Amino acid sequence: MIQIDWSRGVLQPNAKIVERVKMLGQLDGIFADSEAFRALDPNTVVYRVQAWCPVPEGTEGGLFWGTTVVEPGQVGSEYFMTHGHLHQKRNRTEYYGVVEGKGALILMDESRSTWTEPMSPGSLHFISPNTAHRVANVGSAALRFVACWPSDAGHDYESIRRNGFSARLLSVDGEAKLVGSDA
Ligand code: S6P
Ligand code: ZN
């Protein structure tokens, strides 16, 4: 039996949960300001993911459940954020639900148009087919959200690593602002 602490999204028991930790050093090339990036400790934790995968990865018809915790912070004026991905099977969708913190869901469609949805406790987000997604923490405390996605969705990180999103979420005079390159 899996338990979730709904106040923080924490999943238990550890033996049945997969955990990933993403440190700054593993996100090289993701943030715009490479000088600010190099000035930070590469071992800084940017986010952690706990996932419950009750069926093998790739199984058609199954669902995975995960909790992501994005730490507060910035690389230059850009907020700490997840790597971001498209699903390998492009028509696979996903739900995000926020339990704690303040953030932004950054979405980009096939025509490379980028927009955001504000994330706050209780906000629910549906990620449509063919839509790249990443999450930025725009607050001063940890941002915690739960996710549910198909077990055969797969993850395409390479497209994001190569082409990025067409806009970035920057702190401008203390306010989160989506600054586009070609949005
Ligand atoms: C999986 C789902 C989340 C992310 C997590 C980290 O489809 O969208 O569990 O994996 O938020 O983001 P990323 O971009 O590093 O996978
Ligand atoms: Zn996803």
# chains A, B, ... in the order shown; residues from 1 in each chain; ligands from 1
call {"tool": "residues_near_ligand", "arguments": {"ligand": "ligand 1", "cutoff": "8 Å", "atoms": "only C-alpha atoms and all ligand atoms", "output": "compact mmCIF listing (two decimals) with N, CA, C and O atoms, in the first residue's frame"}}
result
# COMPACT_ATOMS: atom_id res chain seq x y z
N LYS A 22 17.98 16.17 -8.90
CA LYS A 22 18.61 16.90 -10.01
C LYS A 22 19.38 18.07 -9.43
O LYS A 22 18.81 18.94 -8.78
N TYR A 47 15.93 20.26 -7.93
CA TYR A 47 14.66 19.59 -7.65
C TYR A 47 14.85 18.10 -7.40
O TYR A 47 15.89 17.53 -7.72
N ARG A 48 13.81 17.56 -6.77
CA ARG A 48 13.77 16.13 -6.45
C ARG A 48 12.46 15.56 -6.97
O ARG A 48 11.44 16.25 -6.92
N VAL A 49 12.51 14.33 -7.45
CA VAL A 49 11.27 13.67 -7.91
C VAL A 49 11.14 12.33 -7.19
O VAL A 49 12.11 11.57 -7.11
N GLN A 50 9.96 12.07 -6.65
CA GLN A 50 9.61 10.76 -6.11
C GLN A 50 8.58 10.20 -7.07
O GLN A 50 7.61 10.90 -7.38
N ALA A 51 8.75 8.96 -7.50
CA ALA A 51 7.75 8.40 -8.42
C ALA A 51 7.31 7.01 -7.98
O ALA A 51 8.11 6.21 -7.52
N TRP A 65 2.65 7.89 -10.99
CA TRP A 65 2.33 8.99 -10.09
C TRP A 65 3.64 9.52 -9.54
O TRP A 65 4.52 8.75 -9.16
N GLY A 66 3.79 10.86 -9.46
CA GLY A 66 5.05 11.39 -8.93
C GLY A 66 4.86 12.69 -8.19
O GLY A 66 3.88 13.41 -8.40
N THR A 67 5.81 12.99 -7.30
CA THR A 67 5.84 14.28 -6.61
C THR A 67 7.16 14.95 -6.93
O THR A 67 8.22 14.31 -6.84
N THR A 68 7.09 16.20 -7.34
CA THR A 68 8.30 16.97 -7.63
C THR A 68 8.40 18.12 -6.64
O THR A 68 7.41 18.78 -6.35
N VAL A 69 9.61 18.32 -6.12
CA VAL A 69 9.87 19.45 -5.22
C VAL A 69 10.95 20.30 -5.86
O VAL A 69 12.09 19.86 -6.03
N THR A 82 12.60 22.89 -13.68
CA THR A 82 12.88 21.52 -14.10
C THR A 82 13.50 21.54 -15.50
O THR A 82 13.40 22.55 -16.22
N HIS A 83 14.13 20.43 -15.87
CA HIS A 83 14.74 20.34 -17.20
C HIS A 83 13.70 20.63 -18.27
O HIS A 83 13.93 21.45 -19.17
N GLY A 84 12.53 19.99 -18.13
CA GLY A 84 11.46 20.13 -19.13
C GLY A 84 11.58 19.06 -20.20
O GLY A 84 12.68 18.62 -20.53
N HIS A 85 10.44 18.62 -20.69
CA HIS A 85 10.45 17.55 -21.70
C HIS A 85 9.16 17.55 -22.52
O HIS A 85 8.17 18.19 -22.16
N HIS A 87 6.69 14.39 -24.19
CA HIS A 87 6.57 12.94 -24.06
C HIS A 87 7.00 12.30 -25.38
O HIS A 87 6.76 12.83 -26.46
N GLU A 94 -0.96 14.65 -19.34
CA GLU A 94 -0.52 14.56 -17.94
C GLU A 94 -1.30 15.56 -17.09
O GLU A 94 -1.73 16.60 -17.58
N TYR A 96 -0.92 17.87 -13.49
CA TYR A 96 -0.12 18.37 -12.37
C TYR A 96 -1.09 18.98 -11.36
O TYR A 96 -2.06 19.65 -11.75
N HIS A 133 6.68 20.70 -21.43
CA HIS A 133 6.34 21.24 -20.11
C HIS A 133 7.54 21.27 -19.18
O HIS A 133 8.34 20.35 -19.17
N ARG A 134 7.61 22.36 -18.44
CA ARG A 134 8.63 22.52 -17.39
C ARG A 134 8.03 23.41 -16.31
O ARG A 134 7.06 24.14 -16.56
N VAL A 135 8.59 23.32 -15.10
CA VAL A 135 8.04 24.06 -13.97
C VAL A 135 9.12 24.91 -13.33
O VAL A 135 10.23 24.45 -13.08
N VAL A 146 2.16 17.35 -7.42
CA VAL A 146 2.02 15.94 -7.79
C VAL A 146 1.70 15.86 -9.28
O VAL A 146 1.19 16.82 -9.88
N ALA A 147 2.04 14.73 -9.89
CA ALA A 147 1.82 14.54 -11.32
C ALA A 147 1.30 13.13 -11.57
O ALA A 147 1.61 12.21 -10.81
N CYS A 148 0.50 12.99 -12.62
CA CYS A 148 0.03 11.66 -13.04
C CYS A 148 0.12 11.60 -14.55
O CYS A 148 -0.38 12.49 -15.24
N TRP A 149 0.80 10.56 -15.06
CA TRP A 149 1.04 10.47 -16.51
C TRP A 149 1.04 9.01 -16.95
O TRP A 149 1.29 8.11 -16.15
N ALA A 153 4.22 6.94 -21.79
CA ALA A 153 4.45 8.28 -22.36
C ALA A 153 5.92 8.42 -22.80
O ALA A 153 6.21 8.90 -23.90
N GLY A 154 6.83 7.99 -21.96
CA GLY A 154 8.26 8.17 -22.25
C GLY A 154 8.64 9.64 -22.15
O GLY A 154 7.76 10.52 -22.05
N HIS A 155 9.93 9.92 -22.14
CA HIS A 155 10.39 11.30 -21.99
C HIS A 155 11.41 11.65 -23.05
O HIS A 155 12.39 10.92 -23.23
N TYR A 157 13.96 14.36 -23.58
CA TYR A 157 14.68 15.50 -23.00
C TYR A 157 15.56 16.16 -24.06
O TYR A 157 15.91 17.32 -23.96
call {"tool": "select_by_dssp", "arguments": {"residues": "chain A", "states": "strand (DSSP E)", "output": "VMD selection string"}}
result
chain A and resid 3 to 5 10 to 12 18 to 23 45 to 52 63 to 70 74 to 75 78 to 79 86 to 87 94 to 100 103 to 108 114 to 119 124 to 127 132 to 137 143 to 150 155 to 156 167 to 172 175 to 180
call {"tool": "write_last_selection", "arguments": {"atoms": "C-alpha atoms", "output": "mmCIF file, in the first residue's frame"}}
result
data_model
loop_
_atom_site.group_PDB
_atom_site.id
_atom_site.type_symbol
_atom_site.label_atom_id
_atom_site.label_comp_id
_atom_site.auth_asym_id
_atom_site.auth_seq_id
_atom_site.Cartn_x
_atom_site.Cartn_y
_atom_site.Cartn_z
ATOM 1 C CA GLN A 3 0.684 6.436 1.220
ATOM 2 C CA ILE A 4 0.701 10.093 0.241
ATOM 3 C CA ASP A 5 0.970 12.942 2.733
ATOM 4 C CA VAL A 10 5.497 12.947 0.140
ATOM 5 C CA LEU A 11 5.131 9.292 -0.946
ATOM 6 C CA GLN A 12 5.899 6.258 1.202
ATOM 7 C CA VAL A 18 11.884 5.702 -7.114
ATOM 8 C CA GLU A 19 13.751 8.886 -6.195
ATOM 9 C CA ARG A 20 15.699 11.217 -8.479
ATOM 10 C CA VAL A 21 17.678 14.271 -7.425
ATOM 11 C CA LYS A 22 18.611 16.900 -10.010
ATOM 12 C CA MET A 23 21.543 19.128 -9.158
ATOM 13 C CA VAL A 45 19.896 20.646 -5.444
ATOM 14 C CA VAL A 46 17.406 22.211 -7.886
ATOM 15 C CA TYR A 47 14.658 19.592 -7.654
ATOM 16 C CA ARG A 48 13.766 16.130 -6.446
ATOM 17 C CA VAL A 49 11.272 13.669 -7.909
ATOM 18 C CA GLN A 50 9.613 10.763 -6.109
ATOM 19 C CA ALA A 51 7.750 8.401 -8.419
ATOM 20 C CA TRP A 52 5.458 5.445 -7.935
ATOM 21 C CA LEU A 63 -0.364 5.261 -15.022
ATOM 22 C CA PHE A 64 2.546 6.637 -13.019
ATOM 23 C CA TRP A 65 2.325 8.993 -10.087
ATOM 24 C CA GLY A 66 5.050 11.392 -8.928
ATOM 25 C CA THR A 67 5.841 14.285 -6.610
ATOM 26 C CA THR A 68 8.304 16.972 -7.635
ATOM 27 C CA VAL A 69 9.873 19.446 -5.219
ATOM 28 C CA VAL A 70 11.545 22.433 -6.898
ATOM 29 C CA GLN A 74 17.744 31.715 -9.448
ATOM 30 C CA VAL A 75 20.507 31.415 -12.009
ATOM 31 C CA GLU A 78 16.083 32.989 -14.281
ATOM 32 C CA TYR A 79 14.167 30.961 -11.715
ATOM 33 C CA LEU A 86 8.055 16.382 -24.342
ATOM 34 C CA HIS A 87 6.568 12.943 -24.062
ATOM 35 C CA GLU A 94 -0.521 14.560 -17.944
ATOM 36 C CA TYR A 95 -1.996 16.169 -14.819
ATOM 37 C CA TYR A 96 -0.123 18.368 -12.374
ATOM 38 C CA GLY A 97 -1.598 19.417 -9.021
ATOM 39 C CA VAL A 98 0.094 21.837 -6.629
ATOM 40 C CA VAL A 99 0.300 21.105 -2.917
ATOM 41 C CA GLU A 100 2.623 23.853 -1.701
ATOM 42 C CA GLY A 103 5.354 28.519 -9.365
ATOM 43 C CA ALA A 104 4.689 28.639 -13.064
ATOM 44 C CA LEU A 105 3.986 25.824 -15.480
ATOM 45 C CA ILE A 106 5.755 26.734 -18.709
ATOM 46 C CA LEU A 107 4.151 25.166 -21.775
ATOM 47 C CA MET A 108 5.159 25.193 -25.435
ATOM 48 C CA THR A 114 5.190 29.403 -25.173
ATOM 49 C CA TRP A 115 2.872 30.447 -22.345
ATOM 50 C CA THR A 116 2.568 29.931 -18.588
ATOM 51 C CA GLU A 117 -0.058 28.881 -16.074
ATOM 52 C CA PRO A 118 0.332 30.181 -12.498
ATOM 53 C CA MET A 119 0.836 27.410 -9.941
ATOM 54 C CA LEU A 124 -4.729 21.723 -11.212
ATOM 55 C CA HIS A 125 -3.118 21.651 -14.644
ATOM 56 C CA PHE A 126 -3.805 19.514 -17.696
ATOM 57 C CA ILE A 127 -0.904 19.139 -20.088
ATOM 58 C CA ALA A 132 6.513 20.595 -23.858
ATOM 59 C CA HIS A 133 6.344 21.240 -20.111
ATOM 60 C CA ARG A 134 8.633 22.522 -17.394
ATOM 61 C CA VAL A 135 8.037 24.061 -13.969
ATOM 62 C CA ALA A 136 9.717 27.092 -12.407
ATOM 63 C CA ASN A 137 9.648 28.026 -8.730
ATOM 64 C CA LEU A 143 7.304 24.340 -4.708
ATOM 65 C CA ARG A 144 5.661 20.922 -4.377
ATOM 66 C CA PHE A 145 3.378 19.374 -6.978
ATOM 67 C CA VAL A 146 2.020 15.939 -7.794
ATOM 68 C CA ALA A 147 1.821 14.539 -11.320
ATOM 69 C CA CYS A 148 0.030 11.664 -13.038
ATOM 70 C CA TRP A 149 1.036 10.465 -16.505
ATOM 71 C CA PRO A 150 0.703 7.376 -18.735
ATOM 72 C CA HIS A 155 10.393 11.302 -21.992
ATOM 73 C CA ASP A 156 12.134 13.252 -24.735
ATOM 74 C CA ALA A 167 10.662 31.947 -23.935
ATOM 75 C CA ARG A 168 12.171 32.096 -20.454
ATOM 76 C CA LEU A 169 10.675 32.983 -17.104
ATOM 77 C CA LEU A 170 12.788 35.754 -15.589
ATOM 78 C CA SER A 171 12.556 37.831 -12.441
ATOM 79 C CA VAL A 172 12.156 41.420 -13.652
ATOM 80 C CA GLU A 175 8.105 39.982 -10.778
ATOM 81 C CA ALA A 176 8.000 36.810 -12.876
ATOM 82 C CA LYS A 177 7.988 37.774 -16.538
ATOM 83 C CA LEU A 178 7.944 35.507 -19.603
ATOM 84 C CA VAL A 179 10.593 36.849 -21.928
ATOM 85 C CA GLY A 180 10.339 35.436 -25.415
#
call {"tool": "closest_residue", "arguments": {"among": "A:Asn130, A:Ser34, A:Ser113, A:Ser140", "to": "ligand 2", "atoms": "only C-alpha atoms and all ligand atoms"}}
result
A:Asn130
call {"tool": "closest_residue", "arguments": {"among": "A:Gly58, A:Gly76, A:Gly164, A:Pro129", "to": "ligand 2", "atoms": "only C-alpha atoms and all ligand atoms"}}
result
A:Pro129
call {"tool": "atom_distance", "arguments": {"atom1": "CA of Gly73 in chain A", "atom2": "CA of Thr131 in chain A"}}
result
25.4 Å
call {"tool": "atom_distance", "arguments": {"atom1": "CA of Glu71 in chain A", "atom2": "CA of Ala142 in chain A"}}
result
4.7 Å
call {"tool": "select_by_dssp", "arguments": {"residues": "range 71-167 of chain A", "states": "helix (DSSP H, G or I)", "output": "ChimeraX atom specification"}}
result
/A:158-163
call {"tool": "write_last_selection", "arguments": {"atoms": "N, CA and C atoms", "output": "CSV table (one decimal), in the first residue's frame"}}
result
chain,number,residue,atom,x,y,z
A,158,GLU,N,15.9,15.4,-25.0
A,158,GLU,CA,16.9,15.8,-26.0
A,158,GLU,C,16.4,17.0,-26.8
A,159,SER,N,15.1,17.0,-27.2
A,159,SER,CA,14.6,18.1,-28.0
A,159,SER,C,14.7,19.4,-27.2
A,160,ILE,N,14.5,19.3,-25.9
A,160,ILE,CA,14.5,20.6,-25.1
A,160,ILE,C,16.0,21.0,-24.9
A,161,ARG,N,16.8,20.0,-24.7
A,161,ARG,CA,18.3,20.3,-24.6
A,161,ARG,C,18.8,21.0,-25.8
A,162,ARG,N,18.3,20.6,-27.0
A,162,ARG,CA,18.8,21.1,-28.3
A,162,ARG,C,18.2,22.4,-28.6
A,163,ASN,N,16.9,22.5,-28.5
A,163,ASN,CA,16.2,23.7,-29.0
A,163,ASN,C,15.6,24.6,-27.9
